[in-house]
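*Asks:* Take a look at upload39.txt, compact mmCIF, C-alpha atoms:
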```txt
# COMPACT_ATOMS: atom_id res chain seq x y z
CA MET G 1 -145.76 41.50 234.88
CA SER G 2 -147.17 43.15 231.74
CA ILE G 3 -145.71 46.60 231.18
CA LEU G 4 -147.66 47.19 227.95
CA GLU G 5 -151.16 45.90 227.15
CA VAL G 6 -152.72 46.43 223.74
CA ASP G 7 -156.36 45.34 223.59
CA ALA G 8 -158.45 45.16 220.38
CA VAL G 9 -156.91 48.30 218.88
CA LYS G 10 -158.37 49.57 215.61
CA LYS G 11 -157.40 52.56 213.50
CA ILE G 12 -159.49 53.91 210.64
CA TYR G 13 -158.40 56.93 208.61
CA THR G 14 -160.90 59.08 206.75
CA THR G 15 -160.02 61.63 204.09
CA ARG G 16 -160.94 65.30 204.23
CA PHE G 17 -163.06 64.97 201.13
CA GLY G 18 -165.23 62.07 202.20
CA GLY G 19 -163.39 59.30 200.37
CA ASN G 20 -163.47 55.68 201.38
CA PRO G 21 -162.14 55.10 204.90
CA VAL G 22 -158.89 53.17 205.22
CA GLN G 23 -158.56 50.64 208.02
CA ALA G 24 -154.89 50.59 209.03
CA LEU G 25 -155.38 48.40 212.10
CA SER G 26 -158.30 46.04 212.46
CA ASN G 27 -157.91 44.15 215.75
CA VAL G 28 -154.50 44.29 217.38
CA SER G 29 -154.05 42.66 220.79
CA PHE G 30 -150.84 41.66 222.57
CA LYS G 31 -148.91 42.17 225.79
CA VAL G 32 -145.28 42.96 226.48
CA GLU G 33 -143.82 41.74 229.75
CA GLU G 34 -141.37 43.82 231.74
CA GLY G 35 -137.83 43.13 230.54
CA GLU G 36 -138.91 41.66 227.19
CA TYR G 37 -137.28 42.44 223.85
CA VAL G 38 -139.99 42.25 221.19
CA ALA G 39 -139.70 42.87 217.45
CA ILE G 40 -142.65 43.68 215.18
CA MET G 41 -142.41 42.71 211.51
CA GLY G 42 -144.68 42.95 208.48
CA GLU G 43 -144.78 44.07 204.87
CA SER G 44 -145.09 47.76 203.95
CA GLY G 45 -148.67 48.84 204.54
CA SER G 46 -149.30 46.14 207.13
CA GLY G 47 -149.88 48.69 209.90
CA LYS G 48 -146.53 48.61 211.72
CA THR G 49 -145.90 52.36 211.61
CA THR G 50 -149.48 53.17 212.55
CA LEU G 51 -149.22 50.86 215.54
CA LEU G 52 -145.90 52.38 216.63
CA ASN G 53 -147.34 55.90 216.43
CA ILE G 54 -150.29 54.85 218.59
CA LEU G 55 -148.02 53.13 221.14
CA ALA G 56 -145.91 56.30 221.24
CA ALA G 57 -149.07 58.31 221.97
CA LEU G 58 -148.45 60.32 218.79
CA ASP G 59 -151.81 59.14 217.41
CA ARG G 60 -155.06 57.92 218.94
CA PRO G 61 -156.74 54.61 218.09
CA THR G 62 -160.25 54.62 216.66
CA ALA G 63 -161.17 51.88 219.12
CA GLY G 64 -159.48 49.68 221.70
CA ASN G 65 -157.30 50.30 224.71
CA ILE G 66 -153.58 50.72 225.40
CA ARG G 67 -152.18 50.60 228.92
CA LEU G 68 -148.62 51.35 229.96
CA ASP G 69 -147.92 50.22 233.52
CA GLY G 70 -151.66 49.91 233.94
CA ARG G 71 -152.32 53.51 232.91
CA GLU G 72 -154.79 53.96 230.07
CA LEU G 73 -153.24 56.23 227.42
CA SER G 74 -156.62 57.55 226.28
CA GLY G 75 -157.12 59.01 229.77
CA ILE G 76 -154.07 61.27 229.53
CA LYS G 77 -154.87 64.88 228.65
CA GLU G 78 -153.21 66.39 225.60
CA SER G 79 -151.58 69.00 227.83
CA GLN G 80 -149.90 66.21 229.82
CA MET G 81 -148.97 63.94 226.92
CA ALA G 82 -145.55 65.42 226.11
CA ALA G 83 -144.45 65.03 229.72
CA PHE G 84 -145.82 61.48 229.82
CA ARG G 85 -143.86 60.49 226.71
CA ARG G 86 -140.70 62.12 228.05
CA ASP G 87 -140.93 60.38 231.42
CA ASN G 88 -142.03 56.92 230.30
CA LEU G 89 -140.91 56.32 226.71
CA GLY G 90 -137.53 56.36 225.00
CA PHE G 91 -137.36 56.69 221.21
CA VAL G 92 -134.75 55.47 218.73
CA PHE G 93 -135.39 56.48 215.12
CA GLN G 94 -133.94 55.32 211.81
CA GLU G 95 -132.67 58.82 210.95
CA PHE G 96 -131.28 59.53 214.45
CA ASN G 97 -133.23 62.83 214.87
CA LEU G 98 -130.24 64.66 216.33
CA LEU G 99 -129.94 68.46 216.19
CA ASP G 100 -126.87 69.43 214.15
CA THR G 101 -126.37 72.67 216.10
CA PHE G 102 -126.08 70.73 219.38
CA SER G 103 -123.16 68.56 220.46
CA LEU G 104 -123.88 64.89 221.06
CA GLU G 105 -123.80 65.63 224.77
CA ASP G 106 -126.40 68.39 224.49
CA ASN G 107 -128.59 66.23 222.24
CA ILE G 108 -128.55 63.51 224.89
CA TYR G 109 -129.26 65.99 227.68
CA LEU G 110 -132.24 67.55 225.89
CA PRO G 111 -135.06 65.46 227.48
CA LEU G 112 -133.57 66.10 230.92
CA VAL G 113 -133.31 69.83 230.24
CA LEU G 114 -136.98 69.83 229.26
CA ALA G 115 -137.76 67.96 232.49
CA GLY G 116 -135.95 70.63 234.53
CA LYS G 117 -133.15 68.42 235.86
CA SER G 118 -130.02 69.98 237.36
CA PRO G 119 -126.67 69.93 235.52
CA SER G 120 -125.16 67.69 238.19
CA GLU G 121 -127.95 65.12 237.86
CA MET G 122 -127.70 65.18 234.06
CA LYS G 123 -123.95 64.55 234.23
CA SER G 124 -124.30 61.71 236.73
CA ARG G 125 -126.92 60.03 234.54
CA LEU G 126 -124.92 60.40 231.33
CA GLU G 127 -121.54 59.12 232.49
CA PRO G 128 -122.43 55.41 232.92
CA ILE G 129 -124.58 55.38 229.77
CA ALA G 130 -121.85 57.00 227.65
CA GLU G 131 -119.34 54.49 228.99
CA GLN G 132 -121.66 51.57 228.25
CA LEU G 133 -122.24 52.79 224.67
CA HIS G 134 -118.56 53.71 224.13
CA ILE G 135 -119.22 57.37 223.26
CA THR G 136 -117.55 59.14 226.21
CA LYS G 137 -114.81 60.59 223.98
CA LEU G 138 -117.35 61.74 221.38
CA LEU G 139 -119.68 63.77 223.58
CA LYS G 140 -118.26 67.19 222.63
CA LYS G 141 -118.46 66.44 218.91
CA TYR G 142 -121.36 67.46 216.68
CA PRO G 143 -123.51 65.01 214.68
CA TYR G 144 -121.89 66.00 211.38
CA GLU G 145 -118.47 65.09 212.84
CA VAL G 146 -119.26 61.45 213.63
CA SER G 147 -120.34 58.31 211.77
CA GLY G 148 -123.85 56.98 211.40
CA GLY G 149 -123.19 54.27 213.97
CA GLN G 150 -121.91 56.84 216.46
CA LYS G 151 -124.95 59.03 215.86
CA GLN G 152 -127.21 56.09 216.59
CA ARG G 153 -125.34 55.35 219.80
CA ALA G 154 -125.96 58.94 220.87
CA ALA G 155 -129.64 58.51 219.99
CA VAL G 156 -129.78 55.37 222.12
CA ALA G 157 -128.14 57.27 224.99
CA ARG G 158 -130.78 59.99 224.65
CA ALA G 159 -133.49 57.31 224.84
CA LEU G 160 -131.96 55.72 227.93
CA ILE G 161 -131.10 58.81 229.94
CA THR G 162 -134.65 59.33 231.24
CA SER G 163 -134.76 55.71 232.54
CA PRO G 164 -137.87 55.00 230.43
CA ARG G 165 -140.28 52.18 231.15
CA LEU G 166 -140.25 51.25 227.47
CA ILE G 167 -137.96 51.94 224.52
CA LEU G 168 -139.67 52.17 221.12
CA ALA G 169 -137.27 51.66 218.22
CA ASP G 170 -138.33 52.42 214.64
CA GLU G 171 -136.04 50.68 212.10
CA PRO G 172 -133.00 51.52 214.27
CA THR G 173 -130.54 49.83 211.89
CA GLY G 174 -132.09 51.13 208.67
CA ALA G 175 -129.49 53.84 208.04
CA LEU G 176 -126.44 51.91 209.27
CA ASP G 177 -123.76 49.88 207.51
CA SER G 178 -123.32 46.21 208.41
CA LYS G 179 -120.57 46.78 211.00
CA SER G 180 -122.53 49.53 212.78
CA THR G 181 -125.67 47.38 212.60
CA ASP G 182 -123.92 44.48 214.34
CA GLU G 183 -122.56 46.79 217.03
CA LEU G 184 -125.93 48.42 217.69
CA LEU G 185 -127.79 45.10 217.88
CA CYS G 186 -125.26 43.77 220.37
CA MET G 187 -125.76 46.91 222.45
CA PHE G 188 -129.52 46.49 222.36
CA GLU G 189 -129.13 42.94 223.66
CA GLU G 190 -126.82 44.15 226.44
CA ILE G 191 -129.27 46.91 227.39
CA ASN G 192 -132.11 44.40 227.43
CA ARG G 193 -130.13 41.98 229.61
CA LYS G 194 -129.88 44.76 232.18
CA GLY G 195 -133.68 44.87 232.37
CA GLN G 196 -134.69 47.47 229.78
CA THR G 197 -137.91 46.63 227.92
CA ILE G 198 -137.59 47.17 224.16
CA LEU G 199 -140.20 47.13 221.40
CA MET G 200 -138.70 47.41 217.91
CA VAL G 201 -140.37 47.76 214.51
CA THR G 202 -138.15 46.47 211.73
CA HIS G 203 -138.02 45.04 208.22
CA SER G 204 -134.67 43.44 209.02
CA VAL G 205 -134.63 39.72 209.78
CA LYS G 206 -131.14 40.20 211.21
CA ALA G 207 -132.38 42.85 213.66
CA ALA G 208 -135.42 40.80 214.63
CA SER G 209 -133.28 37.71 215.27
CA HIS G 210 -131.74 39.49 218.27
CA ALA G 211 -135.13 39.85 219.96
CA GLY G 212 -136.73 37.33 222.27
CA ARG G 213 -140.08 37.35 220.48
CA VAL G 214 -141.30 38.45 217.06
CA LEU G 215 -144.84 39.57 216.28
CA PHE G 216 -145.91 39.45 212.63
CA ILE G 217 -148.53 41.96 211.46
CA LYS G 218 -150.58 41.30 208.36
CA ASP G 219 -153.68 43.13 207.13
CA GLY G 220 -153.79 45.30 210.24
CA GLU G 221 -153.68 42.59 212.90
CA VAL G 222 -151.20 40.39 214.72
CA TYR G 223 -151.16 37.34 212.50
CA HIS G 224 -148.59 35.20 214.26
CA GLN G 225 -145.79 35.28 216.81
CA ILE G 226 -142.70 33.20 217.50
CA TYR G 227 -140.35 33.00 220.47
CA ARG G 228 -136.58 32.67 220.34
CA GLY G 229 -136.45 30.29 223.30
CA GLY G 230 -133.27 28.26 223.16
CA CYS G 231 -132.56 29.05 219.49
CA THR G 232 -129.22 30.47 218.50
CA GLU G 233 -129.26 33.77 216.60
CA ASN G 234 -128.78 31.90 213.31
CA GLU G 235 -131.53 29.40 214.10
CA PHE G 236 -133.95 32.17 215.03
CA TYR G 237 -132.98 34.07 211.86
CA GLN G 238 -133.99 31.03 209.80
CA LYS G 239 -137.20 30.60 211.78
CA ILE G 240 -138.17 34.23 211.13
CA SER G 241 -137.30 33.92 207.42
CA ASP G 242 -139.41 30.79 207.07
CA THR G 243 -142.36 32.46 208.77
CA LEU G 244 -142.15 35.52 206.51
CA THR G 245 -142.07 33.24 203.44
CA VAL G 246 -145.22 31.44 204.54
CA LEU G 247 -147.03 34.70 205.30
CA ALA G 248 -145.97 36.27 201.99
CA ALA G 249 -147.29 33.22 200.13
CA GLY G 250 -150.71 33.74 201.67
CA GLY G 251 -150.49 30.84 204.05
CA GLU G 252 -152.99 30.43 206.83
CA ARG G 253 -152.20 31.38 210.39
CA LEU G 254 -149.41 29.19 211.75
```
Step by step, read the file and then write its structure as structure tokens.

*Replies:*
Amino acid sequence: MSILEVDAVKKIYTTRFGGNPVQALSNVSFKVEEGEYVAIMGESGSGKTTLLNILAALDRPTAGNIRLDGRELSGIKESQMAAFRRDNLGFVFQEFNLLDTFSLEDNIYLPLVLAGKSPSEMKSRLEPIAEQLHITKLLKKYPYEVSGGQKQRAAVARALITSPRLILADEPTGALDSKSTDELLCMFEEINRKGQTILMVTHSVKAASHAGRVLFIKDGEVYHQIYRGGCTENEFYQKISDTLTVLAAGGERL
């Protein structure tokens, strides 16, 4: 079952002073099945960030359609959009986006507070997630008191606590050291094995090699895709690297 459907999406930016329009996305189409773990890769300027912003309903496409669970995003009123994002999407950012004046626990609770959930429900939701992510003993600490890897775990917990239909991750390992990166990627795989659908934008071949499928964006469109299948992590890493080399050299579609 497709949880996310992207159909012929285009995005054209125009300047305030009438300059030449810039086409960030030209014709992007793909589907994400429920329970998939998909990575999106491409060079800087390929349209990855623009696409992620549109999928997150933070920006509108110039043309095309996006459906989440069969619901057309363009049909959601602006006044309802924040609630839609909170209830259906979980976000994991490169820079964590935690509030320094809140404890990790309160940062994680924030989307539930905004949704009007009771303290007892918030606690019951957090306990198994905190245990899974190994942050139970850190919940009373503040972001400036913990490591980058621990901050990112808290950010993942915040994304999971609303039981989102889809997690959108934007360079989630970009600010982490190698040990924290390995730990986070293993957690993402574990979360995905439990049924969580994940869509991750990344420059990292290592991060992408943990996904089940990789989409490559070039010149504003999906240029190619590969599946992990029965590959080991190392084999898939090499497959991704080889594909990026061919695309960078200007090779034709594979």

*Asks:* Can you work out the spacing between CA of Val32 in chain G and CA of Leu4 in chain G in Å, to one decimal?

*Replies:*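 Spanning CA of Val32 in chain G to CA of Leu4 in chain G is a straight-line distance of 5.1 Å.
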
*Asks:* So which one's closest to Leu247 in chain G, G:Gly42, G:Pro172, G:Gly220, G:Pro61? Using all atoms listed in the file, please.

*Replies:*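 Going through G:Gly42, G:Pro172, G:Gly220, G:Pro61 one by one, the smallest distance to Leu247 in chain G is for G:Gly42.
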
*Asks:* If we count all atoms listed in the file, what is near His134 in chain G at a cut-off of 12 Å, once residues fewer than 5 positions away on the same chain are taken out, given as a list in words?

*Replies:*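 Listing them by chain and then by number gives Leu126, Glu127, Pro128, Ile129, Leu139, Gly149, Gln150, Lys151, Gln152, Arg153, Ala154, Val156, Ala157, Glu183, Leu184 and Met187 of chain G.
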
*Asks:* Distance CA of Val6 in chain G-CA of Phe30 in chain G, one decimal place?

*Replies:*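 Separation of CA of Val6 in chain G and CA of Phe30 in chain G: 5.3 Å.
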
*Asks:* Can you measure CA of Ile226 in chain G to CA of Phe93 in chain G for me? One decimal in Å is fine.

*Replies:* 24.5 Å

*Asks:* Can you work out which one of G:Phe84, G:Tyr109, G:Tyr142, G:Tyr237 has the shortest atom-to-atom distance to Ser204 in chain G, counting all atoms listed in the file?

*Replies:*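 Ranked by minimum distance to Ser204 in chain G, first place goes to G:Tyr237.
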
*Asks:* Just checking: using only C-alpha atoms, which residue out of G:Ala8, G:Leu160, G:Val113, G:Leu68 ends up closest to Gly195 in chain G?

*Replies:*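 Ranked by minimum distance to Gly195 in chain G, first place goes to G:Leu160.
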
*Asks:* Within 12 Å of (-138.8, 66.0, 226.7) (file coordinates; all atoms listed in the file), which protein or nucleic acid residues are there? I'd like them as a list of chain:residue names.

*Replies:*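 The answer, in the requested form, is G:Gln80, G:Met81, G:Ala82, G:Ala83, G:Phe84, G:Arg85, G:Arg86, G:Asp87, G:Asn88, G:Leu89, G:Gly90, G:Phe91, G:Asn107, G:Ile108, G:Tyr109, G:Leu110, G:Pro111, G:Leu112, G:Val113, G:Leu114, G:Ala115, G:Gly116, G:Lys117, G:Arg158, G:Ala159, G:Ile161, G:Thr162, G:Pro164.
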
*Asks:* Hey, which of G:Leu199, G:Ala207, G:Ile40, G:Leu166 ends up closest to Asp182 in chain G? Count all atoms listed in the file.

*Replies:*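 Counting all atoms listed in the file, the residue closest to Asp182 in chain G is G:Ala207.
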
*Asks:* Find, counting only C-alpha atoms, the residue in G:Glu78, G:Asp106, G:Glu36, G:Glu131 that gets nearest to Ile198 in chain G.

*Replies:*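 Answer, going by the shortest atom-to-atom distance: G:Glu36.
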
*Asks:* Please determine, counting all atoms listed in the file, which residue among G:Ile240, G:Leu133, G:Val28, G:Val246 has the shortest atom-to-atom distance to Ser46 in chain G.

*Replies:* G:Val28

*Asks:* Could you pull the residues within 7 Å of Tyr13 in chain G, counting all atoms listed in the file, minus those fewer than 6 positions along the same chain, as an NGL selection string?

*Replies:* :G and (21-23)
